[in-house]
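This is input_9.cif. It holds mmCIF, C-alpha atoms.
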```cif
data_target
loop_
_atom_site.label_atom_id
_atom_site.label_comp_id
_atom_site.auth_asym_id
_atom_site.auth_seq_id
_atom_site.Cartn_x
_atom_site.Cartn_y
_atom_site.Cartn_z
CA GLU K 1 -35.66 16.41 16.55
CA ILE K 2 -32.84 15.78 14.10
CA GLY K 3 -33.65 17.47 10.81
CA VAL K 4 -32.84 14.54 8.55
CA ARG K 5 -33.96 15.00 4.97
CA LEU K 6 -33.64 13.54 1.51
CA VAL K 7 -31.74 15.74 -0.96
CA GLY K 8 -30.54 15.55 -4.54
CA SER K 9 -27.50 17.01 -6.24
CA GLU K 10 -26.74 17.31 -9.94
CA MET K 11 -23.41 15.89 -11.03
CA CYS K 12 -21.33 16.07 -14.16
CA ILE K 13 -20.18 12.99 -16.05
CA ARG K 14 -16.71 13.24 -14.54
CA ASP K 15 -14.92 12.80 -11.23
CA ARG K 16 -15.75 15.52 -8.73
CA ASP K 17 -16.07 16.50 -5.09
CA ILE K 18 -19.53 17.07 -3.64
CA VAL K 19 -19.93 18.97 -0.36
CA MET K 20 -22.26 16.95 1.86
CA PRO K 21 -23.09 16.84 5.56
CA VAL K 22 -20.91 14.40 7.53
CA GLY K 23 -22.67 11.03 7.80
CA ALA K 24 -24.72 11.49 4.63
CA LYS K 25 -26.08 8.19 3.32
CA ILE K 26 -25.88 8.14 -0.48
CA LEU K 27 -28.85 6.23 -1.85
CA THR K 28 -28.54 6.17 -5.63
CA VAL K 29 -27.55 7.93 -8.83
CA GLN K 30 -30.02 8.27 -11.69
CA ASN K 31 -30.85 10.47 -14.65
CA GLN K 32 -33.39 13.24 -14.03
CA ASN K 33 -34.39 15.19 -17.14
CA GLY K 34 -31.18 14.14 -18.88
CA VAL K 35 -28.93 15.18 -15.97
CA PRO K 36 -27.22 12.64 -13.69
CA CYS K 37 -28.12 13.27 -10.03
CA ILE K 38 -27.10 11.74 -6.70
CA TRP K 39 -29.67 11.41 -3.90
CA ALA K 40 -28.77 11.10 -0.24
CA ILE K 41 -30.30 11.18 3.22
CA VAL K 42 -28.57 13.94 5.18
CA ASP K 43 -28.68 15.82 8.45
CA PRO K 44 -28.41 19.43 7.27
CA ASN K 45 -27.23 20.45 10.76
CA SER K 46 -24.09 18.28 10.53
CA GLU K 47 -20.71 19.71 9.63
CA LYS K 48 -19.85 19.53 5.94
CA GLU K 49 -17.22 17.41 4.20
CA ASN K 50 -16.01 16.87 0.64
CA VAL K 51 -17.08 13.51 -0.78
CA HIS K 52 -15.01 12.49 -3.80
CA ILE K 53 -17.08 10.86 -6.55
CA ARG K 54 -15.59 8.88 -9.44
CA VAL K 55 -17.38 8.05 -12.68
CA HIS K 56 -16.29 5.23 -15.02
CA GLY K 57 -17.79 4.26 -18.35
CA THR K 58 -18.50 0.63 -19.16
CA GLY K 59 -15.38 -0.99 -20.61
CA HIS K 60 -12.98 1.50 -19.03
CA ASN K 61 -10.29 0.59 -16.50
CA VAL K 62 -11.14 1.18 -12.84
CA PRO K 63 -7.90 1.92 -10.96
CA ASP K 64 -7.88 1.51 -7.16
CA SER K 65 -11.20 -0.35 -7.24
CA ASP K 66 -10.56 -1.63 -3.71
CA ARG K 67 -10.89 1.99 -2.49
CA LEU K 68 -14.29 2.54 -4.11
CA GLU K 69 -17.86 2.06 -2.89
CA TYR K 70 -20.41 1.50 -5.65
CA ILE K 71 -23.28 4.02 -5.70
CA GLY K 72 -25.13 3.21 -8.90
CA THR K 73 -25.28 3.18 -12.69
CA PHE K 74 -26.94 5.60 -15.08
CA GLN K 75 -27.38 5.71 -18.86
CA MET K 76 -27.20 8.53 -21.38
CA CYS K 77 -28.01 8.86 -25.11
CA GLY K 78 -30.80 6.32 -25.05
CA GLY K 79 -28.65 3.74 -23.27
CA SER K 80 -25.72 3.82 -25.68
CA LEU K 81 -23.52 5.32 -22.92
CA VAL K 82 -23.46 3.60 -19.53
CA PHE K 83 -21.66 5.10 -16.52
CA HIS K 84 -20.94 3.65 -13.08
CA VAL K 85 -20.57 5.95 -10.07
CA PHE K 86 -18.41 5.31 -7.01
CA LYS K 87 -17.59 7.06 -3.74
CA VAL K 88 -13.85 7.11 -2.95
CA LEU K 89 -13.29 5.69 0.54
#
```

Please go through the file and, once you have read it, give me the structure as structure tokens.
Amino acid sequence: EIGVRLVGSEMCIRDRDIVMPVGAKILTVQNQNGVPCIWAIVDPNSEKENVHIRVHGTGHNVPDSDRLEYIGTFQMCGGSLVFHVFKVL
């Protein structure tokens, strides 16, 4: 049996690399207790890789948008700050 499971990872409101098993399927990004988190379905037995995540605020420029895969949007400060999260391809 392949040990596929659903996992979450906290993320900062900035670009960053997240170490994930190869083939991880990122599902969404949402706020949990005031902290942005990414959830994914992973096979914990797979080799690991760095996945580069980019975060852009609403109204900001998005350079190299053709190299990005949209993950989701989350809000902070009661909705006055809105951020959009992308995986760099």

Non-local contacts of segment 71-86 of chain K (12 Å; only C-alpha atoms; under 5 positions in same chain excluded) as a VMD selection string: chain K and resid 11 to 17 25 to 40 51 to 66

The PyMOL selection byres ((chain K and resi 45) around 8) resolved against shown file, as an MDAnalysis selection string: chainID K and resid 3 21 43:44 46:47

Any chance you could export the current selection's C-alpha atoms as an mmCIF file, in the coordinates of the input?
```cif
data_model
loop_
_atom_site.group_PDB
_atom_site.id
_atom_site.type_symbol
_atom_site.label_atom_id
_atom_site.label_comp_id
_atom_site.auth_asym_id
_atom_site.auth_seq_id
_atom_site.Cartn_x
_atom_site.Cartn_y
_atom_site.Cartn_z
ATOM 1 C CA GLY K 3 -33.650 17.470 10.810
ATOM 2 C CA PRO K 21 -23.090 16.840 5.560
ATOM 3 C CA ASP K 43 -28.680 15.820 8.450
ATOM 4 C CA PRO K 44 -28.410 19.430 7.270
ATOM 5 C CA SER K 46 -24.090 18.280 10.530
ATOM 6 C CA GLU K 47 -20.710 19.710 9.630
#
```

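Across K:Ile41, K:Asn50, K:Leu6, K:Leu68, the tightest approach to Met20 of chain K is made by K:Asn50 when counting only C-alpha atoms.
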
Could you pull out every residue with an atom within 7 Å of (-23.2, 17.3, 1.7), file coordinates, counting all atoms listed in the file, and send them as a ChimeraX atom specification? /K:18-22,24,48-49
